[in-house]
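Shown next: start.pdb, containing PDB, C-alpha atoms.
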```
MODEL        1
ATOM      1  CA  MET A   1       3.349   3.406  58.703
ATOM      2  CA  SER A   2       1.245   2.784  61.808
ATOM      3  CA  ARG A   3      -1.746   5.028  62.413
ATOM      4  CA  THR A   4      -3.960   5.837  65.347
ATOM      5  CA  VAL A   5      -7.189   3.845  65.643
ATOM      6  CA  GLY A   6     -10.202   6.073  66.215
ATOM      7  CA  ILE A   7     -13.452   5.557  68.062
ATOM      8  CA  LYS A   8     -15.379   5.271  64.775
ATOM      9  CA  GLU A   9     -13.334   2.220  63.766
ATOM     10  CA  VAL A  10     -14.051   0.583  67.127
ATOM     11  CA  ALA A  11     -17.766   1.231  66.649
ATOM     12  CA  ARG A  12     -17.679  -0.234  63.135
ATOM     13  CA  ALA A  13     -15.794  -3.343  64.274
ATOM     14  CA  ALA A  14     -18.199  -3.927  67.176
ATOM     15  CA  GLY A  15     -21.303  -3.143  65.138
ATOM     16  CA  VAL A  16     -22.487  -0.389  67.463
ATOM     17  CA  SER A  17     -22.786   3.387  67.451
ATOM     18  CA  VAL A  18     -20.013   5.804  68.406
ATOM     19  CA  GLY A  19     -22.155   6.832  71.374
ATOM     20  CA  THR A  20     -22.238   3.260  72.644
ATOM     21  CA  VAL A  21     -18.441   3.008  72.459
ATOM     22  CA  SER A  22     -18.200   6.288  74.368
ATOM     23  CA  ASN A  23     -20.509   4.905  77.045
ATOM     24  CA  VAL A  24     -18.428   1.745  77.375
ATOM     25  CA  ILE A  25     -15.327   3.884  77.929
ATOM     26  CA  ASN A  26     -16.841   6.490  80.237
ATOM     27  CA  ARG A  27     -20.043   4.972  81.697
ATOM     28  CA  PRO A  28     -19.832   1.185  81.300
ATOM     29  CA  ALA A  29     -22.620   0.556  83.821
ATOM     30  CA  VAL A  30     -25.257   1.912  81.404
ATOM     31  CA  VAL A  31     -24.352  -0.555  78.629
ATOM     32  CA  ALA A  32     -25.697  -4.112  78.434
ATOM     33  CA  GLU A  33     -23.056  -6.693  79.345
ATOM     34  CA  GLU A  34     -23.088  -8.473  75.977
ATOM     35  CA  THR A  35     -22.631  -5.209  74.102
ATOM     36  CA  ARG A  36     -19.991  -4.018  76.564
ATOM     37  CA  LEU A  37     -17.957  -7.191  76.125
ATOM     38  CA  ARG A  38     -18.191  -6.935  72.318
ATOM     39  CA  VAL A  39     -16.954  -3.341  72.380
ATOM     40  CA  GLN A  40     -14.155  -4.132  74.822
ATOM     41  CA  SER A  41     -13.064  -7.008  72.591
ATOM     42  CA  ALA A  42     -12.915  -4.640  69.593
ATOM     43  CA  ILE A  43     -10.921  -2.109  71.629
ATOM     44  CA  GLU A  44      -8.346  -4.738  72.590
ATOM     45  CA  ARG A  45      -8.175  -6.240  69.083
ATOM     46  CA  LEU A  46      -7.665  -2.877  67.367
ATOM     47  CA  GLY A  47      -5.391  -1.428  70.064
ATOM     48  CA  TYR A  48      -7.549   1.643  70.560
ATOM     49  CA  VAL A  49      -6.284   4.191  73.121
ATOM     50  CA  ARG A  50      -8.513   7.151  73.884
ATOM     51  CA  SER A  51      -7.062  10.622  73.476
ATOM     52  CA  GLU A  52      -6.845  12.287  76.874
ATOM     53  CA  ALA A  53      -5.815  15.526  75.188
ATOM     54  CA  ALA A  54      -8.932  15.593  73.017
ATOM     55  CA  ARG A  55     -11.175  14.690  75.944
ATOM     56  CA  HIS A  56      -9.839  17.484  78.131
ATOM     57  CA  LEU A  57      -9.873  20.020  75.318
ATOM     58  CA  ARG A  58     -13.560  19.266  74.791
ATOM     59  CA  ALA A  59     -14.076  19.807  78.501
ATOM     60  CA  GLY A  60     -12.014  23.005  78.322
ATOM     61  CA  ARG A  61      -9.603  21.692  80.948
ATOM     62  CA  SER A  62      -6.124  20.245  80.380
ATOM     63  CA  ARG A  63      -4.181  18.069  82.801
ATOM     64  CA  ILE A  64      -0.827  19.415  81.569
ATOM     65  CA  ILE A  65       1.219  22.214  83.140
ATOM     66  CA  ALA A  66       4.005  23.720  81.010
ATOM     67  CA  LEU A  67       7.354  24.586  82.600
ATOM     68  CA  LEU A  68       9.636  26.873  80.570
ATOM     69  CA  VAL A  69      13.121  27.373  82.018
ATOM     70  CA  LEU A  70      16.171  29.333  80.912
ATOM     71  CA  ASP A  71      18.694  26.506  80.698
ATOM     72  CA  MET A  72      18.033  22.798  81.228
ATOM     73  CA  ALA A  73      21.797  22.202  81.321
ATOM     74  CA  ASN A  74      21.847  24.031  84.659
ATOM     75  CA  PRO A  75      21.151  21.609  87.551
ATOM     76  CA  PHE A  76      19.401  24.453  89.378
ATOM     77  CA  PHE A  77      16.512  24.241  86.916
ATOM     78  CA  VAL A  78      16.504  20.452  87.142
ATOM     79  CA  ASP A  79      15.775  20.843  90.858
ATOM     80  CA  VAL A  80      13.081  23.443  90.124
ATOM     81  CA  ALA A  81      11.482  21.014  87.679
ATOM     82  CA  ALA A  82      11.623  18.181  90.225
ATOM     83  CA  GLY A  83       9.735  20.268  92.761
ATOM     84  CA  ALA A  84       7.111  21.321  90.216
ATOM     85  CA  GLU A  85       6.647  17.741  89.031
ATOM     86  CA  ARG A  86       6.042  16.444  92.560
ATOM     87  CA  ALA A  87       3.355  19.048  93.200
ATOM     88  CA  ALA A  88       1.721  18.395  89.828
ATOM     89  CA  ARG A  89       1.760  14.640  90.306
ATOM     90  CA  ALA A  90       0.110  14.959  93.714
ATOM     91  CA  ALA A  91      -2.687  16.880  91.987
ATOM     92  CA  GLY A  92      -3.057  14.297  89.211
ATOM     93  CA  LEU A  93      -1.399  16.521  86.615
ATOM     94  CA  GLY A  94       1.569  16.190  84.288
ATOM     95  CA  VAL A  95       4.390  18.617  83.422
ATOM     96  CA  MET A  96       5.658  19.492  79.931
ATOM     97  CA  LEU A  97       9.248  20.719  80.323
ATOM     98  CA  CYS A  98      10.729  23.128  77.754
ATOM     99  CA  ASN A  99      13.962  25.110  77.457
ATOM    100  CA  SER A 100      14.099  28.689  76.141
ATOM    101  CA  ALA A 101      17.927  28.581  76.038
ATOM    102  CA  GLN A 102      17.908  32.167  77.410
ATOM    103  CA  SER A 103      16.394  33.309  74.094
ATOM    104  CA  PRO A 104      13.376  35.673  74.071
ATOM    105  CA  ALA A 105      12.584  34.499  70.526
ATOM    106  CA  GLU A 106      12.443  30.833  71.543
ATOM    107  CA  GLU A 107      10.425  31.809  74.608
ATOM    108  CA  ALA A 108       7.818  33.454  72.349
ATOM    109  CA  GLU A 109       7.617  30.316  70.188
ATOM    110  CA  TYR A 110       7.032  28.094  73.208
ATOM    111  CA  LEU A 111       4.363  30.402  74.617
ATOM    112  CA  ALA A 112       2.558  30.220  71.273
ATOM    113  CA  LEU A 113       2.787  26.421  71.436
ATOM    114  CA  PHE A 114       1.354  26.383  74.970
ATOM    115  CA  ALA A 115      -1.575  28.491  73.775
ATOM    116  CA  GLU A 116      -2.192  26.124  70.853
ATOM    117  CA  GLN A 117      -2.133  23.128  73.169
ATOM    118  CA  ARG A 118      -4.408  24.874  75.686
ATOM    119  CA  VAL A 119      -2.240  23.848  78.626
ATOM    120  CA  ARG A 120      -3.718  24.234  82.100
ATOM    121  CA  GLY A 121      -1.148  26.847  83.060
ATOM    122  CA  VAL A 122       2.495  27.856  82.665
ATOM    123  CA  LEU A 123       5.448  28.064  85.041
ATOM    124  CA  ILE A 124       8.057  30.325  83.461
ATOM    125  CA  THR A 125      11.446  31.851  84.138
ATOM    126  CA  PRO A 126      11.276  34.699  81.600
ATOM    127  CA  ALA A 127      14.130  35.183  79.146
ATOM    128  CA  GLY A 128      12.833  38.505  77.873
ATOM    129  CA  THR A 129      13.333  41.783  79.684
ATOM    130  CA  THR A 130      10.416  43.821  78.337
ATOM    131  CA  GLY A 131       7.658  41.425  79.360
ATOM    132  CA  GLU A 132       6.345  41.640  75.793
ATOM    133  CA  ASN A 133       6.066  37.872  75.405
ATOM    134  CA  LEU A 134       4.013  37.398  78.554
ATOM    135  CA  THR A 135       1.845  40.421  77.757
ATOM    136  CA  ALA A 136       0.957  38.822  74.425
ATOM    137  CA  PHE A 137       0.384  35.456  76.097
ATOM    138  CA  GLN A 138      -2.084  36.917  78.597
ATOM    139  CA  ARG A 139      -4.736  37.388  75.931
ATOM    140  CA  HIS A 140      -5.207  33.605  75.817
ATOM    141  CA  GLY A 141      -6.467  33.605  79.402
ATOM    142  CA  ILE A 142      -4.034  30.890  80.502
ATOM    143  CA  PRO A 143      -2.666  31.505  84.029
ATOM    144  CA  TYR A 144       1.079  31.615  84.600
ATOM    145  CA  VAL A 145       3.459  31.831  87.550
ATOM    146  CA  SER A 146       6.895  33.454  87.308
ATOM    147  CA  VAL A 147       9.673  31.286  88.755
ATOM    148  CA  ASP A 148      12.963  32.757  90.009
ATOM    149  CA  ARG A 149      11.563  36.155  89.089
ATOM    150  CA  VAL A 150       9.423  38.662  90.986
ATOM    151  CA  ALA A 151       6.226  39.548  89.134
ATOM    152  CA  PRO A 152       3.916  42.476  89.930
ATOM    153  CA  SER A 153       1.041  41.037  91.929
ATOM    154  CA  ALA A 154      -1.504  42.445  89.486
ATOM    155  CA  GLU A 155      -0.068  40.342  86.657
ATOM    156  CA  GLY A 156       0.205  36.971  88.332
ATOM    157  CA  CYS A 157       1.917  34.944  91.006
ATOM    158  CA  SER A 158       5.666  34.580  91.401
ATOM    159  CA  VAL A 159       8.116  32.580  93.492
ATOM    160  CA  SER A 160      11.653  33.916  93.725
ATOM    161  CA  VAL A 161      14.683  34.205  95.979
ATOM    162  CA  ASP A 162      15.995  37.430  97.486
ATOM    163  CA  ASP A 163      18.977  37.797  95.148
ATOM    164  CA  LEU A 164      19.973  41.177  96.570
ATOM    165  CA  ARG A 165      20.447  39.522  99.963
ATOM    166  CA  GLY A 166      22.136  36.466  98.451
ATOM    167  CA  ALA A 167      24.749  38.541  96.652
ATOM    168  CA  GLY A 168      25.270  40.540  99.821
ATOM    169  CA  LEU A 169      25.955  37.340 101.765
ATOM    170  CA  ALA A 170      28.623  36.336  99.245
ATOM    171  CA  VAL A 171      30.415  39.682  99.084
ATOM    172  CA  ARG A 172      30.317  40.348 102.837
ATOM    173  CA  HIS A 173      31.834  36.902 103.386
ATOM    174  CA  LEU A 174      34.733  37.855 101.119
ATOM    175  CA  LEU A 175      35.151  41.237 102.809
ATOM    176  CA  GLU A 176      35.172  39.599 106.239
ATOM    177  CA  SER A 177      37.882  37.258 104.946
ATOM    178  CA  GLY A 178      40.082  40.268 104.249
ATOM    179  CA  HIS A 179      39.612  40.775 100.496
ATOM    180  CA  ARG A 180      39.604  44.309  99.129
ATOM    181  CA  ASP A 181      40.052  43.691  95.389
ATOM    182  CA  LEU A 182      37.099  41.707  94.068
ATOM    183  CA  ALA A 183      35.664  40.759  90.685
ATOM    184  CA  HIS A 184      32.092  39.851  89.805
ATOM    185  CA  VAL A 185      31.460  37.433  86.932
ATOM    186  CA  THR A 186      27.907  37.500  85.603
ATOM    187  CA  GLY A 187      25.741  36.464  82.693
ATOM    188  CA  PRO A 188      23.738  39.002  80.671
ATOM    189  CA  VAL A 189      22.471  41.736  82.976
ATOM    190  CA  ARG A 190      19.254  41.932  80.914
ATOM    191  CA  LEU A 191      18.233  38.938  83.051
ATOM    192  CA  SER A 192      16.818  40.193  86.322
ATOM    193  CA  GLN A 193      18.650  37.497  88.310
ATOM    194  CA  CYS A 194      22.002  38.744  87.027
ATOM    195  CA  ARG A 195      21.002  42.357  87.470
ATOM    196  CA  ASP A 196      19.868  41.839  91.081
ATOM    197  CA  ARG A 197      22.953  39.862  92.036
ATOM    198  CA  ARG A 198      25.188  42.544  90.551
ATOM    199  CA  THR A 199      23.268  45.243  92.426
ATOM    200  CA  GLY A 200      23.442  43.265  95.671
ATOM    201  CA  ALA A 201      27.189  42.809  95.295
ATOM    202  CA  THR A 202      27.719  46.528  94.648
ATOM    203  CA  ARG A 203      25.605  47.562  97.636
ATOM    204  CA  ALA A 204      27.505  45.218  99.957
ATOM    205  CA  LEU A 205      30.751  47.064  99.150
ATOM    206  CA  ARG A 206      29.498  50.507 100.191
ATOM    207  CA  GLY A 207      31.729  52.072 102.783
ATOM    208  CA  SER A 208      34.227  49.190 102.686
ATOM    209  CA  GLY A 209      36.861  50.907 100.533
ATOM    210  CA  ALA A 210      37.049  47.736  98.433
ATOM    211  CA  ARG A 211      37.058  47.613  94.643
ATOM    212  CA  LEU A 212      34.701  45.503  92.511
ATOM    213  CA  ARG A 213      35.423  44.887  88.823
ATOM    214  CA  HIS A 214      32.719  43.435  86.557
ATOM    215  CA  ILE A 215      32.939  40.804  83.835
ATOM    216  CA  GLU A 216      29.740  40.209  81.878
ATOM    217  CA  GLY A 217      29.266  37.194  79.622
ATOM    218  CA  SER A 218      26.565  36.364  77.095
ATOM    219  CA  ARG A 219      25.470  33.189  78.908
ATOM    220  CA  MET A 220      25.533  31.614  82.375
ATOM    221  CA  ASP A 221      27.401  28.380  81.648
ATOM    222  CA  VAL A 222      30.770  26.756  82.220
ATOM    223  CA  ALA A 223      32.230  27.859  78.862
ATOM    224  CA  THR A 224      31.411  31.490  79.637
ATOM    225  CA  GLY A 225      33.018  31.015  83.050
ATOM    226  CA  ARG A 226      36.214  29.735  81.427
ATOM    227  CA  ASP A 227      36.319  32.802  79.179
ATOM    228  CA  ALA A 228      35.808  35.027  82.215
ATOM    229  CA  GLY A 229      38.620  33.183  83.985
ATOM    230  CA  ALA A 230      40.967  33.994  81.112
ATOM    231  CA  ARG A 231      40.005  37.666  81.401
ATOM    232  CA  LEU A 232      40.638  37.565  85.144
ATOM    233  CA  LEU A 233      44.109  36.166  84.559
ATOM    234  CA  GLY A 234      44.866  39.104  82.259
ATOM    235  CA  MET A 235      43.930  41.744  84.842
ATOM    236  CA  SER A 236      46.678  43.734  86.505
ATOM    237  CA  PRO A 237      46.630  43.565  89.381
ATOM    238  CA  ARG A 238      44.587  40.408  89.643
ATOM    239  CA  PRO A 239      41.637  40.446  92.029
ATOM    240  CA  THR A 240      42.083  38.327  95.119
ATOM    241  CA  ALA A 241      38.465  37.136  95.170
ATOM    242  CA  VAL A 242      35.718  36.441  92.637
ATOM    243  CA  PHE A 243      31.962  36.261  93.101
ATOM    244  CA  CYS A 244      30.096  34.518  90.269
ATOM    245  CA  ALA A 245      26.409  34.907  89.469
ATOM    246  CA  ASN A 246      25.927  31.129  89.383
ATOM    247  CA  ASP A 247      27.849  27.940  90.060
ATOM    248  CA  LEU A 248      28.346  27.023  86.397
ATOM    249  CA  LEU A 249      30.209  30.287  85.843
ATOM    250  CA  ALA A 250      32.233  29.632  89.002
ATOM    251  CA  LEU A 251      33.141  26.123  87.852
ATOM    252  CA  GLY A 252      34.344  27.551  84.532
ATOM    253  CA  VAL A 253      36.443  30.166  86.328
ATOM    254  CA  LEU A 254      37.867  27.431  88.549
ATOM    255  CA  GLN A 255      38.870  25.406  85.476
ATOM    256  CA  ALA A 256      40.647  28.401  83.937
ATOM    257  CA  LEU A 257      42.503  29.204  87.158
ATOM    258  CA  TYR A 258      43.499  25.569  87.664
ATOM    259  CA  ALA A 259      44.804  25.300  84.089
ATOM    260  CA  ALA A 260      46.918  28.434  84.646
ATOM    261  CA  GLY A 261      48.362  27.097  87.891
ATOM    262  CA  VAL A 262      46.602  29.675  90.045
ATOM    263  CA  SER A 263      45.648  28.156  93.396
ATOM    264  CA  VAL A 264      42.184  28.526  94.907
ATOM    265  CA  PRO A 265      41.743  29.926  97.506
ATOM    266  CA  GLU A 266      45.362  30.798  98.312
ATOM    267  CA  GLU A 267      45.748  33.181  95.349
ATOM    268  CA  ILE A 268      42.127  33.796  94.390
ATOM    269  CA  ALA A 269      39.085  32.986  96.509
ATOM    270  CA  LEU A 270      35.930  31.964  94.655
ATOM    271  CA  VAL A 271      32.197  32.079  95.469
ATOM    272  CA  GLY A 272      29.355  30.748  93.323
ATOM    273  CA  TYR A 273      25.564  30.966  93.461
ATOM    274  CA  ASP A 274      22.788  28.300  93.511
ATOM    275  CA  ASP A 275      24.703  25.564  95.394
ATOM    276  CA  ILE A 276      24.078  22.911  92.762
ATOM    277  CA  GLU A 277      25.275  19.392  93.515
ATOM    278  CA  PHE A 278      28.478  19.871  91.512
ATOM    279  CA  ALA A 279      29.523  22.801  93.724
ATOM    280  CA  ALA A 280      30.354  20.514  96.631
ATOM    281  CA  ALA A 281      31.921  17.923  94.312
ATOM    282  CA  ALA A 282      34.326  20.308  92.525
ATOM    283  CA  ALA A 283      38.096  19.762  92.692
ATOM    284  CA  VAL A 284      38.066  22.629  95.183
ATOM    285  CA  PRO A 285      34.607  22.509  96.815
ATOM    286  CA  LEU A 286      32.863  25.793  96.106
ATOM    287  CA  THR A 287      31.513  28.229  98.617
ATOM    288  CA  SER A 288      28.084  29.061  97.224
ATOM    289  CA  VAL A 289      24.838  30.872  97.940
ATOM    290  CA  ARG A 290      22.198  28.172  98.258
ATOM    291  CA  GLN A 291      18.816  28.694  96.610
ATOM    292  CA  PRO A 292      15.938  26.403  97.657
ATOM    293  CA  ALA A 293      15.313  25.351  94.046
ATOM    294  CA  TYR A 294      13.128  22.321  94.747
ATOM    295  CA  ARG A 295      10.946  24.290  97.156
ATOM    296  CA  MET A 296      10.711  27.108  94.602
ATOM    297  CA  GLY A 297       9.409  24.758  91.900
ATOM    298  CA  ARG A 298       6.953  23.083  94.236
ATOM    299  CA  ALA A 299       5.603  26.370  95.611
ATOM    300  CA  ALA A 300       5.149  27.776  92.102
ATOM    301  CA  ALA A 301       3.268  24.682  90.946
ATOM    302  CA  ASP A 302       1.072  24.776  94.062
ATOM    303  CA  LEU A 303       0.101  28.381  93.278
ATOM    304  CA  LEU A 304      -0.738  27.498  89.681
ATOM    305  CA  ILE A 305      -2.765  24.446  90.724
ATOM    306  CA  GLU A 306      -4.729  26.579  93.174
ATOM    307  CA  GLU A 307      -5.388  29.244  90.536
ATOM    308  CA  THR A 308      -6.655  26.666  88.011
ATOM    309  CA  GLY A 309      -8.459  24.331  90.400
ATOM    310  CA  GLU A 310     -11.831  24.203  92.075
ATOM    311  CA  ALA A 311     -10.896  27.029  94.451
ATOM    312  CA  ALA A 312      -9.857  29.358  91.603
ATOM    313  CA  ALA A 313     -12.576  31.891  92.487
ATOM    314  CA  ASP A 314     -10.941  32.458  95.884
ATOM    315  CA  HIS A 315      -7.398  32.678  94.513
ATOM    316  CA  THR A 316      -5.399  35.860  95.008
ATOM    317  CA  HIS A 317      -2.060  36.487  93.339
ATOM    318  CA  GLN A 318       0.940  36.088  95.628
ATOM    319  CA  ARG A 319       4.593  37.041  95.446
ATOM    320  CA  ILE A 320       6.582  34.526  97.485
ATOM    321  CA  VAL A 321      10.203  35.497  98.163
ATOM    322  CA  LEU A 322      12.376  32.738  99.626
ATOM    323  CA  GLN A 323      15.601  33.394 101.519
ATOM    324  CA  PRO A 324      19.075  32.271 100.351
ATOM    325  CA  GLU A 325      21.782  30.783 102.554
ATOM    326  CA  LEU A 326      25.579  30.992 102.324
ATOM    327  CA  VAL A 327      27.344  27.619 102.346
ATOM    328  CA  VAL A 328      31.068  28.039 103.070
ATOM    329  CA  ARG A 329      33.504  25.498 101.627
ATOM    330  CA  ALA A 330      37.190  25.255 100.722
ATOM    331  CA  SER A 331      37.173  27.783  97.857
ATOM    332  CA  THR A 332      37.218  30.649 100.361
ATOM    333  CA  LEU A 333      39.529  30.995 103.331
ATOM    334  CA  PRO A 334      40.104  33.862 105.755
ATOM    335  CA  ARG A 335      43.194  35.892 104.861
ATOM    336  CA  GLY A 336      45.622  36.903 107.554
TER     337      GLY A 336
ENDMDL
END
```
Rewrite the structure of this file - the entire thing - as structure tokens.
Amino acid sequence: MSRTVGIKEVARAAGVSVGTVSNVINRPAVVAEETRLRVQSAIERLGYVRSEAARHLRAGRSRIIALLVLDMANPFFVDVAAGAERAARAAGLGVMLCNSAQSPAEEAEYLALFAEQRVRGVLITPAGTTGENLTAFQRHGIPYVSVDRVAPSAEGCSVSVDDLRGAGLAVRHLLESGHRDLAHVTGPVRLSQCRDRRTGATRALRGSGARLRHIEGSRMDVATGRDAGARLLGMSPRPTAVFCANDLLALGVLQALYAAGVSVPEEIALVGYDDIEFAAAAAVPLTSVRQPAYRMGRAAADLLIEETGEAAADHTHQRIVLQPELVVRASTLPRG
């Protein structure tokens, strides 16, 4: 098995002290040329690579930001990660991307790992509802920013989207198209995103005389959407319009309706949320509520970089709330 070559082996091979090797690596100008060349030759011959992690841990400062998302299979979080990575790269930092799989237990394990690795800071979309994991994590003194979740300003920064408004945009669009019997398909309402979108949808119906039936699934993926679609098909009477808490759920519902021969939007109109790339490319292009995912990731990383950088003493926690936008496509049509 191959093993890592250490600085002591380089020093032994070059016939110098460990301190001299360190100077060649970090302050070559203070080392005599002959000695410097001998050490550099030993480094190349042995294949020595210095440990950036060890160097920054000794300095008490890591160059790695951790990003913990709910579901890496969701393109929304891919866009969030892309925005965070661009901001980190511009600051000379790297991003460690992890997936909690919507599990509070896995979230706790990753937070413990981040503390062990002494990451510079954490960007997190929390999977837990009690905040217990983040409360425990705070004792390590590592800053974090909540992404796609509003955090109390006293606890840290957050960057989110106004989900109450986004859900309202979707439901009012369906009402204006003439629908009065609607269904809402969501993931677990323990997640604040699902809870806010459900609340926003309910509020938008006030005074309309329309009905809204709820279908809650255990996850926010295509398979859960297909199961919800099967439940929709069994309703009597069937709703004429469906609002889904994200696009993956909507794509699953669309698959179930298509397989059953139910036409969209002629028989059932369909609205998603996030406006991922696949929404526009679906067999019936989806109307969706667009979230600025890339901008969300970049803004969150910028806040974390500011809080952990040279200007940290002047940093104040911020809660940035971005605005959603309704993108209308073929899956919804006005009814006569």
What residues come out when you apply the PyMOL selection byres ((chain A and resi 80) around 10) to this file, written as a list in words?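 Applied to this file, the PyMOL selection byres ((chain A and resi 80) around 10) selects Leu67, Val69, Pro75, Phe76, Phe77, Val78, Asp79, Ala81, Ala82, Gly83, Ala84, Glu85, Val147, Asp148, Pro292, Ala293, Tyr294, Arg295, Met296, Gly297, Arg298, Ala299, Ala300 and Ala301 of chain A.
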Name the closest residue to Pro237 of chain A among the candidates A:Asp196, A:Glu107, A:Asp181, A:Asp314; distances are taken between atoms, counting all atoms listed in the file. A:Asp181
Quick one: residues within 12 Å of Ser208 of chain A, only C-alpha atoms counted, chain neighbours fewer than 6 positions away excluded, as JSON, numbers by chain? {"A": [171, 172, 174, 175, 176, 178, 179, 180, 181, 182, 202]}
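Take the candidates A:Ala73, A:Tyr48, A:Thr130, A:Gly168 and check each one against Ser100 of chain A using only C-alpha atoms; the shortest distance goes to A:Ala73.
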For Met96 of chain A: contacts at 9 Å, all atoms listed in the file, fewer than 3 positions along chain excluded, given as a list in words: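 Neighbouring residues, sequence-local ones excluded: Ile64, Ile65, Ala66, Leu67 and Leu68 of chain A.
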Atom CA of Ala245 of chain A to atom CA of Thr287 of chain A, straight-line distance in Å: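 Taking atom CA of Thr287 of chain A as the start and atom CA of Ala245 of chain A as the end point, the length is 12.4 Å.
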Pick from A:Asn133, A:Ser177, A:Asn99, A:Asn23, whichever lies nearest to Leu111 of chain A using all atoms listed in the file: A:Asn133
Measure the distance from atom CA of Ser218 of chain A to atom CA of Leu251 of chain A in Å and round it to one decimal.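 Going from atom CA of Ser218 of chain A over to atom CA of Leu251 of chain A covers 16.2 Å.
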Met235 of chain A proximity check over A:His214, A:Gly252, A:Leu205, A:Glu33, using only C-alpha atoms: winner is A:His214
Box for segment 314-322 of chain A: with edges along x, y and z, all listed atoms inside and 8 Å added on each side, what are the centre and edge lengths in Å to one decimal, as lines of an AutoDock Vina configuration file?
```
center_x = 0.7
center_y = 34.7
center_z = 96.5
size_x = 39.3
size_y = 20.6
size_z = 22.3
```
List as a ChimeraX atom specification the protein and nucleic acid residues near Ser158 of chain A, meaning an atom at most 8 Å away when only C-alpha atoms are counted, but skip any in the same chain fewer than 2 places from it. /A:145-151,153,156,160,300,318-320
Env of Thr240 of chain A: 12 Å cut, atoms = all atoms listed in the file, seq-sep filter 6 positions within chain, self excluded. Answer as a PyMOL selection string. chain A and resi 174-175+177-184+210-213+232-233+262-271+331-335
List the neighbours of Asp275 of chain A out to 7 Å using all atoms listed in the file; skip same-chain residues closer than 4 positions along the sequence, and give me the result as a PDB file with C-alpha atoms, keeping the file's coordinate frame.
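Contents of the output file selection_5.pdb:
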```pdb
ATOM      1  CA  ASP A 247      27.849  27.940  90.060  1.00  0.00           C
ATOM      2  CA  ALA A 279      29.523  22.801  93.724  1.00  0.00           C
ATOM      3  CA  SER A 288      28.084  29.061  97.224  1.00  0.00           C
ATOM      4  CA  VAL A 289      24.838  30.872  97.940  1.00  0.00           C
ATOM      5  CA  ARG A 290      22.198  28.172  98.258  1.00  0.00           C
ATOM      6  CA  GLN A 291      18.816  28.694  96.610  1.00  0.00           C
TER       7      GLN A 291
END
```
Please evaluate the PyMOL selection byres ((chain A and resi 14) around 7) against the structure above and give the resulting residues as a list in words. Val10, Ala11, Arg12, Ala13, Gly15, Val16, Arg38, Val39 and Ala42 of chain A
Output file for the residues above (C-alpha atoms, as a short mmCIF file (atom, residue, chain, number, x, y, z; two decimals), in the frame of the given file):
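So result-v1.cif came out as:
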```
data_model
loop_
_atom_site.label_atom_id
_atom_site.label_comp_id
_atom_site.auth_asym_id
_atom_site.auth_seq_id
_atom_site.Cartn_x
_atom_site.Cartn_y
_atom_site.Cartn_z
CA VAL A 10 -14.05 0.58 67.13
CA ALA A 11 -17.77 1.23 66.65
CA ARG A 12 -17.68 -0.23 63.14
CA ALA A 13 -15.79 -3.34 64.27
CA GLY A 15 -21.30 -3.14 65.14
CA VAL A 16 -22.49 -0.39 67.46
CA ARG A 38 -18.19 -6.94 72.32
CA VAL A 39 -16.95 -3.34 72.38
CA ALA A 42 -12.92 -4.64 69.59
#
```
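With atom CA of Ser192 of chain A on one side and atom CA of Gly234 of chain A on the other, the separation reads 28.4 Å.
When the PyMOL selection byres ((chain A and resi 104) around 9) is evaluated on the file shown here, the picked residues come out as Ser100, Ala101, Gln102, Ser103, Ala105, Glu106, Glu107, Ala108, Glu109, Pro126, Ala127, Gly128, Thr129 and Asn133 of chain A.
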Nearest to Ile142 of chain A among A:Ala29, A:Leu37, A:Leu304, A:Leu249, with distances taken over only C-alpha atoms: which residue is it?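 Nearest to Ile142 of chain A: A:Leu304.
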